[in-house]
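S.K.: Next up, coords_16.txt (compact mmCIF, C-alpha atoms).
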# COMPACT_ATOMS: atom_id res chain seq x y z
CA MET A 2 129.76 -119.93 -51.43
CA LYS A 3 131.63 -118.41 -54.38
CA ARG A 4 133.71 -121.57 -54.70
CA ILE A 5 130.52 -123.68 -54.79
CA ALA A 6 128.27 -121.51 -56.98
CA LEU A 7 130.40 -121.26 -60.10
CA PRO A 8 131.16 -124.99 -60.43
CA VAL A 9 127.45 -125.81 -60.00
CA LEU A 10 126.35 -123.40 -62.71
CA THR A 11 129.18 -124.49 -64.98
CA ALA A 12 128.22 -128.16 -64.57
CA LEU A 13 124.61 -127.37 -65.44
CA ALA A 14 125.67 -125.51 -68.57
CA LEU A 15 127.97 -128.30 -69.74
CA THR A 16 125.44 -131.09 -69.22
CA ALA A 17 122.46 -129.32 -70.81
CA CYS A 18 123.77 -128.34 -74.23
CA ALA A 19 121.60 -129.08 -77.26
CA THR A 20 120.92 -127.70 -80.74
CA SER A 21 117.61 -126.47 -82.17
CA PRO A 22 116.33 -127.55 -85.63
CA LEU A 23 117.76 -124.30 -87.00
CA GLY A 24 121.19 -124.92 -85.48
CA ARG A 25 120.93 -122.60 -82.48
CA SER A 26 122.65 -123.69 -79.28
CA GLN A 27 120.18 -124.48 -76.49
CA PHE A 28 120.20 -125.00 -72.74
CA LEU A 29 117.95 -127.97 -71.82
CA LEU A 30 117.73 -129.46 -68.35
CA MET A 31 114.44 -131.41 -68.46
CA PRO A 32 114.24 -134.99 -69.85
CA ALA A 33 112.09 -135.09 -72.99
CA ASP A 34 109.81 -137.82 -71.64
CA GLN A 35 109.09 -135.73 -68.57
CA MET A 36 108.17 -132.77 -70.77
CA ASP A 37 105.83 -135.07 -72.71
CA GLN A 38 104.14 -136.17 -69.50
CA MET A 39 103.61 -132.57 -68.42
CA GLY A 40 102.24 -131.65 -71.85
CA VAL A 41 99.75 -134.51 -71.84
CA ALA A 42 98.63 -133.72 -68.28
CA ALA A 43 98.11 -130.04 -69.10
CA TYR A 44 96.18 -130.92 -72.26
CA ASP A 45 93.90 -133.36 -70.47
CA GLN A 46 93.17 -130.74 -67.84
CA MET A 47 92.32 -128.15 -70.48
CA LYS A 48 89.86 -130.54 -72.10
CA THR A 49 87.99 -130.88 -68.81
CA GLU A 50 87.96 -127.14 -68.06
CA GLN A 51 87.28 -125.61 -71.48
CA LYS A 52 84.35 -126.06 -73.84
CA ILE A 53 85.08 -128.28 -76.81
CA SER A 54 83.48 -127.41 -80.13
CA THR A 55 80.79 -129.68 -81.53
CA ASN A 56 81.02 -128.19 -85.04
CA SER A 57 81.90 -131.33 -87.00
CA GLN A 58 82.73 -129.44 -90.21
CA GLN A 59 85.22 -127.16 -88.50
CA LYS A 60 86.72 -130.08 -86.58
CA ARG A 61 87.31 -132.03 -89.80
CA TYR A 62 88.83 -128.95 -91.42
CA VAL A 63 91.25 -128.28 -88.56
CA GLN A 64 92.17 -131.96 -88.32
CA CYS A 65 92.88 -132.09 -92.06
CA VAL A 66 95.25 -129.12 -91.94
CA ALA A 67 96.93 -130.42 -88.78
CA ASN A 68 97.45 -133.87 -90.31
CA ALA A 69 99.11 -132.40 -93.40
CA VAL A 70 101.41 -130.15 -91.37
CA THR A 71 102.45 -132.70 -88.74
CA ALA A 72 103.19 -135.26 -91.46
CA GLU A 73 106.19 -133.04 -92.23
CA SER A 74 107.39 -132.85 -88.62
CA GLY A 75 109.99 -135.56 -89.10
CA SER A 76 108.67 -137.58 -86.16
CA ASP A 77 106.34 -140.54 -85.72
CA GLU A 78 104.29 -138.64 -83.14
CA GLN A 79 100.55 -139.26 -83.35
CA TRP A 80 99.19 -135.76 -82.84
CA GLU A 81 95.87 -135.27 -81.08
CA VAL A 82 93.89 -132.20 -82.16
CA THR A 83 91.13 -130.52 -80.18
CA LEU A 84 88.99 -127.59 -81.37
CA PHE A 85 87.95 -125.46 -78.40
CA ASP A 86 84.81 -123.35 -78.59
CA ASP A 87 86.43 -120.05 -77.69
CA PRO A 88 86.42 -116.66 -79.48
CA ALA A 89 90.16 -116.11 -78.93
CA ALA A 90 92.28 -116.10 -82.09
CA ASN A 91 94.76 -118.59 -80.71
CA ALA A 92 96.22 -122.08 -80.94
CA PHE A 93 98.89 -124.07 -79.14
CA ALA A 94 100.89 -127.28 -79.29
CA LEU A 95 102.30 -129.15 -76.31
CA PRO A 96 104.99 -131.78 -75.85
CA GLY A 97 103.49 -135.22 -76.11
CA GLY A 98 101.83 -134.57 -79.46
CA LYS A 99 98.93 -132.33 -78.46
CA ILE A 100 97.40 -129.48 -80.48
CA GLY A 101 94.65 -127.10 -79.44
CA VAL A 102 92.88 -124.65 -81.74
CA TYR A 103 90.34 -122.01 -80.68
CA THR A 104 87.38 -121.38 -82.97
CA GLY A 105 88.14 -117.66 -82.94
CA LEU A 106 91.34 -118.33 -84.88
CA LEU A 107 89.32 -119.41 -87.90
CA LYS A 108 88.06 -115.84 -88.30
CA VAL A 109 91.62 -114.55 -88.63
CA ALA A 110 93.33 -117.50 -90.33
CA LYS A 111 90.88 -117.31 -93.22
CA THR A 112 92.34 -119.97 -95.52
CA GLN A 113 93.81 -123.43 -95.06
CA ASP A 114 97.25 -122.02 -95.88
CA GLN A 115 96.96 -119.39 -93.15
CA LEU A 116 95.79 -121.97 -90.63
CA ALA A 117 98.73 -124.16 -91.65
CA ALA A 118 101.06 -121.25 -90.87
CA VAL A 119 99.69 -121.05 -87.33
CA LEU A 120 99.79 -124.80 -86.71
CA GLY A 121 103.27 -125.08 -88.22
CA HIS A 122 104.42 -122.35 -85.87
CA GLU A 123 102.93 -124.04 -82.80
CA VAL A 124 104.31 -127.48 -83.71
CA GLY A 125 107.64 -125.76 -84.37
CA HIS A 126 107.75 -124.76 -80.70
CA VAL A 127 107.46 -128.43 -79.73
CA LEU A 128 110.01 -129.67 -82.26
CA ALA A 129 112.51 -127.09 -81.02
CA GLN A 130 111.79 -128.01 -77.37
CA HIS A 131 111.08 -124.39 -76.49
CA SER A 132 109.03 -125.32 -73.42
CA ASN A 133 111.98 -127.28 -72.08
CA GLU A 134 114.33 -124.42 -72.84
CA ARG A 135 112.08 -121.85 -71.16
CA MET A 136 111.78 -123.96 -68.03
CA SER A 137 115.52 -124.59 -67.98
CA ILE A 138 116.33 -120.90 -68.39
CA GLN A 139 113.84 -119.98 -65.67
CA TYR A 140 115.32 -122.51 -63.29
CA ALA A 141 118.87 -121.40 -63.99
CA THR A 142 117.91 -117.73 -63.71
CA GLU A 143 116.17 -118.19 -60.38
CA THR A 144 119.02 -120.30 -59.06
CA GLY A 145 121.55 -117.73 -60.21
CA THR A 146 119.61 -114.91 -58.59
CA GLN A 147 119.47 -116.80 -55.30
CA LEU A 148 123.20 -117.44 -55.46
CA LEU A 149 123.93 -113.81 -56.16
CA ALA A 150 121.73 -112.83 -53.21
CA ALA A 151 123.76 -115.12 -50.98
CA LEU A 152 127.00 -113.71 -52.34
CA ALA A 153 125.76 -110.17 -51.65
CA GLY A 154 125.13 -111.06 -48.02
CA ASP A 155 121.95 -111.59 -46.04
CA SER A 156 121.79 -108.31 -44.13
CA GLY A 157 118.58 -107.29 -45.87
CA GLY A 158 119.84 -103.72 -46.19
CA ALA A 159 118.75 -101.19 -48.77
CA ALA A 160 121.79 -101.90 -50.94
CA GLN A 161 120.98 -105.59 -51.14
CA GLN A 162 117.30 -104.93 -51.80
CA GLY A 163 118.23 -102.55 -54.59
CA LEU A 164 120.56 -105.13 -56.05
CA MET A 165 117.83 -107.77 -56.03
CA ALA A 166 115.30 -105.40 -57.58
CA ALA A 167 117.76 -104.61 -60.36
CA LEU A 168 118.48 -108.29 -60.89
CA GLY A 169 114.79 -109.08 -61.09
CA LEU A 170 114.16 -106.43 -63.72
CA GLY A 171 117.39 -107.22 -65.49
CA THR A 172 116.66 -110.91 -65.80
CA GLN A 173 113.12 -110.23 -67.03
CA VAL A 174 113.92 -107.65 -69.69
CA GLY A 175 117.45 -108.75 -70.50
CA VAL A 176 117.07 -112.54 -70.58
CA THR A 177 113.60 -113.99 -70.27
CA LEU A 178 111.56 -111.83 -72.65
CA PRO A 179 114.11 -111.49 -75.47
CA PHE A 180 114.68 -115.23 -75.33
CA SER A 181 110.94 -115.79 -75.70
CA ARG A 182 110.90 -113.52 -78.74
CA LYS A 183 113.75 -115.59 -80.15
CA HIS A 184 111.63 -118.70 -79.65
CA GLU A 185 108.69 -117.12 -81.46
CA SER A 186 110.84 -116.08 -84.40
CA GLU A 187 112.44 -119.52 -84.59
CA ALA A 188 109.04 -121.23 -84.51
CA ASP A 189 107.88 -118.95 -87.34
CA ILE A 190 110.69 -120.19 -89.60
CA ILE A 191 110.31 -123.85 -88.63
CA GLY A 192 106.58 -123.57 -89.25
CA LEU A 193 107.13 -121.81 -92.57
CA GLN A 194 109.33 -124.63 -93.81
CA MET A 195 106.97 -127.29 -92.52
CA MET A 196 103.87 -125.81 -94.16
CA ALA A 197 105.77 -125.40 -97.44
CA ARG A 198 106.88 -129.06 -97.40
CA ALA A 199 103.24 -130.01 -96.84
CA GLY A 200 102.16 -128.15 -99.96
CA PHE A 201 100.65 -125.07 -98.32
CA ASP A 202 101.56 -121.70 -99.83
CA PRO A 203 104.16 -120.14 -97.47
CA ARG A 204 103.34 -116.66 -98.78
CA GLN A 205 100.05 -116.89 -96.93
CA SER A 206 101.98 -116.73 -93.63
CA VAL A 207 102.61 -113.06 -94.39
CA GLN A 208 98.93 -112.43 -95.04
CA LEU A 209 98.09 -114.21 -91.79
CA TRP A 210 100.13 -111.72 -89.78
CA LYS A 211 98.60 -108.83 -91.68
CA ASN A 212 95.22 -110.23 -90.62
CA MET A 213 96.47 -110.55 -87.04
CA ALA A 214 97.67 -106.94 -87.05
CA ALA A 215 94.33 -105.74 -88.42
CA ALA A 216 92.42 -107.72 -85.79
CA SER A 217 94.62 -106.50 -82.93
CA ASN A 218 93.54 -103.58 -80.77
CA GLY A 219 97.13 -102.72 -80.01
CA SER A 220 100.02 -104.55 -78.41
CA PRO A 221 102.73 -103.72 -75.86
CA PRO A 222 106.11 -102.35 -77.01
CA GLU A 223 108.18 -105.10 -78.59
CA LEU A 224 110.90 -104.71 -75.94
CA LEU A 225 108.42 -105.72 -73.22
CA SER A 226 106.55 -108.36 -75.20
CA THR A 227 107.19 -112.07 -75.43
CA HIS A 228 106.18 -111.94 -79.10
CA PRO A 229 107.79 -110.00 -81.94
CA SER A 230 105.61 -107.28 -83.43
CA SER A 231 103.55 -108.18 -86.49
CA GLY A 232 105.81 -105.96 -88.61
CA THR A 233 108.94 -107.75 -87.42
CA ARG A 234 107.38 -111.16 -88.07
CA ILE A 235 106.33 -110.15 -91.57
CA GLU A 236 109.83 -108.88 -92.37
CA ASP A 237 111.43 -112.08 -91.09
CA LEU A 238 108.99 -114.30 -92.98
CA GLU A 239 109.51 -112.38 -96.21
CA ALA A 240 113.26 -112.69 -95.76
CA SER A 241 112.88 -116.48 -95.41
CA MET A 242 110.62 -116.85 -98.44
CA PRO A 243 113.46 -117.59 -100.95
CA GLU A 244 114.15 -120.78 -98.97
CA ALA A 245 110.49 -121.69 -98.39
CA LEU A 246 109.15 -121.24 -101.91
CA PRO A 247 111.33 -123.98 -103.47
CA LEU A 248 110.12 -126.38 -100.75
CA TYR A 249 106.54 -125.48 -101.67
CA GLN A 250 107.17 -125.96 -105.37
CA GLN A 251 108.82 -129.33 -104.75
CA ALA A 252 105.89 -130.43 -102.61
CA ARG A 253 103.35 -129.44 -105.25
CA ALA A 254 105.36 -131.20 -107.95
CA ALA A 255 105.34 -134.32 -105.76
CA GLY A 256 101.54 -134.21 -105.60
CA LYS A 257 101.17 -132.69 -102.15
CA ARG A 258 98.11 -130.51 -102.67
CA PRO A 259 96.10 -130.25 -99.45
CA ASN A 260 92.38 -129.77 -100.01
CA CYS A 261 90.91 -129.36 -96.56
CA GLY A 262 88.06 -127.10 -97.67
Write out the structure in this file as structure tokens.

M.R.:
Amino acid sequence: MKRIALPVLTALALTACATSPLGRSQFLLMPADQMDQMGVAAYDQMKTEQKISTNSQQKRYVQCVANAVTAESGSDEQWEVTLFDDPAANAFALPGGKIGVYTGLLKVAKTQDQLAAVLGHEVGHVLAQHSNERMSIQYATETGTQLLAALAGDSGGAAQQGLMAALGLGTQVGVTLPFSRKHESEADIIGLQMMARAGFDPRQSVQLWKNMAAASNGSPPELLSTHPSSGTRIEDLEASMPEALPLYQQARAAGKRPNCG
């Protein structure tokens, strides 16, 4: 088993190497077209199960901001945008060019620039293939855990059970959650650059997260959360502002001045 396990995992690692838009090495196992199919299927299901807003003014507003942001995505993807009638302050983007926004977000993202920060972040996840990476890591982690269980023996004794419990906790806290926080931070920066290139004020991304913090009733410790704390996000965004502001100024000088109302 030891002779088989290591070559299998090594082959997976060598054949799944990729690079994110920010130059980070990635582990991707899923074909992009298959991820697109899953994204479209999930989106279509959500549209049948969740209430879609009929507020035409809000729909035009969200579509306008989304169009301006996705125009800077560097792809020819035709993005579909749906406004869901839901009080949650949330939004998402899925592979296959799908964006969902909840009406509750508009109470927290109070300006077009703040909404652009959210949509840029969500589209950033798609551009960086974070869904693919998460699925690939999960698959590899589960496979590795099963292999280690086999290597430890199948007696089912207390020692083996303790080992598996430790591995389960270790993979969750040590690999899965920190990697998700890395994805969130990466999407923040990709989104910041995208909104700036579209002519939205990147400084409003900081205000957005101040609004989010004010609207939050508390959050779990950062170590056990898939998202960085609002304070961490604000610090990272402020640190990236010297790169984003020139992009914003160039966009405005080129006549990119979104007016979504």

S.K.: For segment 231-239 of chain A, list every protein, DNA or RNA residue within 8 Å, evaluated using all atoms listed in the file, and leave out those in the same chain fewer than 5 positions away; present the list as a short mmCIF file (atom, residue, chain, number, x, y, z; two decimals) with C-alpha atoms, in the frame of the given file.

M.R.:
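Contents of out-v9.cif, freshly written:
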data_model
loop_
_atom_site.label_atom_id
_atom_site.label_comp_id
_atom_site.auth_asym_id
_atom_site.auth_seq_id
_atom_site.Cartn_x
_atom_site.Cartn_y
_atom_site.Cartn_z
CA SER A 186 110.84 -116.08 -84.40
CA ASP A 189 107.88 -118.95 -87.34
CA ILE A 190 110.69 -120.19 -89.60
CA LEU A 193 107.13 -121.81 -92.57
CA ARG A 204 103.34 -116.66 -98.78
CA SER A 206 101.98 -116.73 -93.63
CA VAL A 207 102.61 -113.06 -94.39
CA TRP A 210 100.13 -111.72 -89.78
CA LYS A 211 98.60 -108.83 -91.68
CA MET A 213 96.47 -110.55 -87.04
CA ALA A 214 97.67 -106.94 -87.05
#

S.K.: Can you work out which one of A:Phe201, A:Trp80, A:Tyr103, A:Tyr44 has the shortest atom-to-atom distance to Cys261 of chain A, counting all atoms listed in the file?

M.R.: A:Phe201

S.K.: Would you mind telling me which residue in A:Ala117, A:Ala92, A:Ala129, A:Met36 lies nearest to Pro22 of chain A when using all atoms listed in the file?

M.R.: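 Of A:Ala117, A:Ala92, A:Ala129, A:Met36, the one nearest Pro22 of chain A, counting all atoms listed in the file, is A:Ala129.
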
S.K.: Would you compute the distance between atom CA of Ser241 of chain A and atom CA of Glu123 of chain A? Give it in Å to one decimal.

M.R.: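 If I compute the distance from atom CA of Ser241 of chain A to atom CA of Glu123 of chain A, I get 17.8 Å.
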
S.K.: Between A:Val127, A:Asn91, A:Asn56, A:Leu116, which one has atoms that come closest to Ser76 of chain A, using only C-alpha atoms?

M.R.: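 The shortest atom-to-atom distance to Ser76 of chain A comes from A:Val127.
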
S.K.: Box in all listed atoms of segment 208-213 of chain A, axis-aligned, with 8 Å more on each side; write out centre and edge lengths in Å to one decimal as AutoDock Vina command-line options.

M.R.:
--center_x 97.7 --center_y -111.5 --center_z -91.0 --size_x 20.9 --size_y 21.4 --size_z 24.0

S.K.: Do you have the atom CA of Gln51 of chain A-atom CA of Asp87 of chain A distance handy?

M.R.: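 Those two atoms sit 8.4 Å apart.
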
S.K.: May I ask which of the residues A:Val66, A:Ala89, A:Ala19, A:Leu95 is the closest one to Asp45 of chain A, counting all atoms listed in the file?

M.R.: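 Smallest separation from Asp45 of chain A among the options: A:Leu95.
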
S.K.: With all atoms listed in the file as the atoms that count, which of A:Ala72, A:Asp114, A:Cys18, A:Lys108 lies nearest to Met31 of chain A?

M.R.: A:Cys18

S.K.: Show me, as an MDAnalysis selection string, the residues that have an atom within 9 Å of Arg253 of chain A when counting all atoms listed in the file, minus same-chain residues fewer than 5 positions from it.

M.R.: chainID A and resid 198:201 248 258

S.K.: Given only C-alpha atoms as the basis, pick out the residue of A:Ala90, A:Thr49, A:Gly98, A:Ile138 nearest to Asn68 of chain A.

M.R.: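 That would be A:Gly98, the residue with the smallest distance to Asn68 of chain A.
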
S.K.: Can you work out the spacing between atom CA of Gln46 of chain A and atom CA of Ala141 of chain A in Å, to one decimal?

M.R.: 27.6 Å

S.K.: Show which residues sit within 12 Å of Asp202 of chain A, as a list in words. Count only C-alpha atoms, and ignore same-chain residues fewer than 6 positions away.

M.R.: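 Surrounding residues, per the criterion: Val70, Thr112, Gln113, Asp114, Gln115, Leu116, Ala117, Ala118, Gly192, Leu193, Gln194, Met195, Met196, Gln208, Leu209, Met242, Ala245, Leu246, Pro247, Leu248, Tyr249, Gln250, Gln251, Ala252, Arg253, Lys257, Arg258 and Pro259 of chain A.
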
S.K.: If we draw a sphere of 6 Å around (107.8, -127.8, -86.1), which residues have at least one atom in it when counting only C-alpha atoms? Please report them as a PyMOL selection string.

M.R.: chain A and resi 74+121+124-125+128+191-192
